[in-house]
>>> print(open('entry34.cif').read())   # mmCIF, C-alpha atoms
data_work
#
loop_
_atom_site.label_atom_id
_atom_site.label_comp_id
_atom_site.auth_asym_id
_atom_site.auth_seq_id
_atom_site.Cartn_x
_atom_site.Cartn_y
_atom_site.Cartn_z
CA MET P 1088 -17.18 147.38 10.47
CA GLU P 1089 -14.30 149.84 10.09
CA LYS P 1090 -11.59 149.72 12.75
CA GLN P 1091 -10.88 153.01 14.47
CA VAL P 1092 -7.30 154.29 14.30
CA TYR P 1093 -6.04 156.32 17.24
CA ILE P 1094 -2.63 157.39 15.91
CA THR P 1095 -1.57 158.69 12.50
CA GLU P 1096 1.20 156.98 10.56
CA GLU P 1097 3.30 160.13 10.95
CA GLU P 1098 2.89 160.19 14.74
CA GLN P 1099 3.54 156.46 14.90
CA ALA P 1100 6.90 156.96 13.18
CA LYS P 1101 7.74 159.89 15.47
CA CYS P 1102 6.75 157.91 18.60
CA LYS P 1103 8.94 155.01 17.49
CA LYS P 1104 11.91 157.34 17.19
CA VAL P 1105 11.19 158.80 20.66
CA ALA P 1106 10.92 155.32 22.20
CA GLU P 1107 14.24 154.31 20.63
CA ALA P 1108 15.96 157.47 21.91
CA PHE P 1109 15.30 156.45 25.52
CA SER P 1110 16.69 152.91 25.23
CA GLU P 1111 19.07 153.49 28.17
CA LEU P 1112 16.05 154.06 30.44
CA TYR P 1113 14.82 150.54 29.76
CA GLU P 1114 18.10 149.19 31.11
CA MET P 1115 17.88 151.28 34.31
CA ALA P 1116 14.27 150.63 35.29
CA ASP P 1117 11.35 148.25 34.89
CA ILE P 1118 9.98 150.35 32.05
CA VAL P 1119 9.36 149.46 28.42
CA VAL P 1120 7.53 151.19 25.58
CA VAL P 1121 5.56 148.98 23.20
CA ASP P 1122 4.15 149.84 19.78
CA VAL P 1123 0.52 148.63 19.85
CA GLY P 1124 -0.27 149.49 16.26
CA ARG P 1125 -3.38 151.57 15.61
CA TYR P 1126 -3.76 152.24 19.35
CA GLY P 1127 -0.44 154.08 19.68
CA PHE P 1128 2.37 153.33 22.10
CA VAL P 1129 2.07 152.03 25.65
CA MET P 1130 4.59 152.70 28.42
CA LEU P 1131 4.59 149.77 30.85
CA LYS P 1132 6.09 150.46 34.29
CA TYR P 1133 7.06 148.52 37.41
CA TYR P 1134 7.06 144.83 36.51
CA MET P 1135 5.82 142.65 39.38
CA PRO P 1136 5.75 138.89 38.72
CA PRO P 1137 3.45 137.04 38.38
CA HIS P 1138 0.94 139.88 37.93
CA GLY P 1139 2.78 141.87 35.28
CA TYR P 1140 3.19 145.61 35.01
CA GLU P 1141 1.70 147.79 37.73
CA GLU P 1142 1.11 150.88 35.55
CA ASP P 1143 0.52 151.61 31.90
CA GLU P 1144 0.09 154.81 29.91
CA THR P 1145 -1.02 155.04 26.28
CA TYR P 1146 0.42 157.69 23.96
CA THR P 1147 -0.67 158.82 20.51
CA ASP P 1148 1.43 162.00 20.51
CA SER P 1149 5.24 161.94 20.19
CA ARG P 1150 5.78 165.11 22.23
CA ALA P 1151 3.72 163.71 25.12
CA LEU P 1152 5.63 160.41 24.92
CA PHE P 1153 8.92 162.33 24.92
CA GLU P 1154 7.94 164.32 28.03
CA GLY P 1155 6.70 161.19 29.80
CA LEU P 1156 9.91 159.28 29.08
CA TRP P 1157 12.07 162.29 29.95
CA GLN P 1158 10.38 162.58 33.35
CA GLU P 1159 10.85 158.86 34.01
CA TRP P 1160 14.53 159.07 33.01
CA LEU P 1161 15.15 162.12 35.21
CA ASP P 1162 13.31 160.63 38.19
CA MET P 1163 15.29 157.41 37.87
CA LYS P 1164 18.60 159.28 37.71
CA LEU P 1165 17.67 161.34 40.79
CA TYR P 1166 16.55 158.21 42.63
CA LEU P 1167 19.83 156.42 41.84
CA MET P 1168 21.84 159.45 43.05
CA ALA P 1169 19.92 159.70 46.33
CA LYS P 1170 19.38 155.99 47.00
CA GLY P 1171 20.46 155.07 50.51
CA THR P 1172 20.50 158.68 51.73
CA SER P 1173 18.04 160.91 53.56
CA LEU P 1174 17.73 163.03 50.40
CA LEU P 1175 14.98 160.74 49.13
CA GLU P 1176 12.71 162.05 51.87
CA LYS P 1177 12.70 165.40 50.03
CA GLY P 1178 11.27 163.84 46.87
CA TYR P 1179 12.71 164.16 43.40
CA ASN P 1180 12.41 167.95 43.31
CA GLY P 1181 14.23 168.18 46.61
CA VAL P 1182 16.98 165.88 45.37
CA PHE P 1183 17.36 167.96 42.20
CA GLU P 1184 17.50 171.24 44.13
CA SER P 1185 20.21 169.87 46.43
CA LEU P 1186 22.52 169.08 43.51
CA PRO P 1187 25.43 171.35 42.55
CA LYS P 1188 24.72 173.72 39.67
CA GLU P 1189 27.03 171.77 37.36
CA LYS P 1190 25.19 168.49 37.98
CA LYS P 1191 21.80 170.17 37.42
CA SER P 1192 23.08 171.57 34.11
CA GLU P 1193 24.41 168.15 33.11
CA LEU P 1194 21.06 166.48 33.78
CA ILE P 1195 19.05 169.17 31.99
CA GLY P 1196 21.51 168.99 29.08
CA ARG P 1197 20.59 165.34 28.62
CA LYS P 1198 17.05 166.43 27.73
CA PHE P 1199 18.44 168.19 24.70
CA ASP P 1200 20.50 165.09 23.81
CA PHE P 1201 17.38 162.91 23.94
CA ALA P 1202 15.40 165.48 21.95
CA LYS P 1203 18.04 165.50 19.22
CA MET P 1204 18.05 161.67 19.02
CA ALA P 1205 14.24 161.64 18.96
CA GLY P 1206 13.85 164.42 16.41
CA ILE P 1207 11.92 166.57 18.89
CA TYR P 1208 12.37 170.32 18.89
CA LEU P 1209 12.32 171.94 22.32
#
>>> encode(input="entry34.cif", output="structure tokens")
Amino acid sequence: MEKQVYITEEEQAKCKKVAEAFSELYEMADIVVVDVGRYGFVMLKYYMPPHGYEEDETYTDSRALFEGLWQEWLDMKLYLMAKGTSLLEKGYNGVFESLPKEKKSELIGRKFDFAKMAGIYL
């Protein structure tokens, strides 16, 4: 019986580069991306002992993985900025909109930094 492959070797290499580009995210949050071979890459989120991770998402496309990790990174940054304030009640979009223009530009600029490290063209 032939084993089905869900990700090409080319996409696997691209996904690995994307996962490596977001290494700082793994230090900020309970998030990790794991290469699961022919199945692609899995993002594991919100570690809760003894159960394990609360959420998982499987990726076989490097652009989708990039966007998923970018959103997690941005949400975490916004959460850390608003933690302990009433801004969190507005949600992440509300927190972002309340930021000064310079801070918004700085955060959005990081997307381009990550894209360059990951070899993704925006």
>>> atom_distance(input="entry34.cif", atom1="atom CA of Phe1183 of chain P", atom2="atom CA of Ile1195 of chain P")
10.4 Å
>>> resolve_selection(input="entry34.cif", expression="the PyMOL selection byres ((chain P and resi 1089-1094) around 12)", output="VMD selection string")
chain P and resid 1088 1095 to 1103 1122 to 1128 1145 to 1149
>>> residues_around(input="entry34.cif", residues="segment 1142-1144 of chain P", least_positions_apart="4", cutoff="6 Å", atoms="only C-alpha atoms", output="PyMOL selection string")
chain P and resi 1129-1132
>>> write_last_selection(input="entry34.cif", atoms="C-alpha atoms", output="PDB file, in the frame of the given file")
ATOM      1  CA  VAL P1129       2.070 152.030  25.650  1.00  0.00           C
ATOM      2  CA  MET P1130       4.590 152.700  28.420  1.00  0.00           C
ATOM      3  CA  LEU P1131       4.590 149.770  30.850  1.00  0.00           C
ATOM      4  CA  LYS P1132       6.090 150.460  34.290  1.00  0.00           C
TER       5      LYS P1132
END
>>> closest_residue(input="entry34.cif", among="P:Phe1199, P:Tyr1179, P:Tyr1140, P:Tyr1133", to="Leu1161 of chain P", atoms="all atoms listed in the file")
P:Tyr1179
>>> closest_residue(input="entry34.cif", among="P:Val1105, P:Met1163, P:Phe1201, P:Gln1158", to="Asp1117 of chain P", atoms="all atoms listed in the file")
P:Met1163
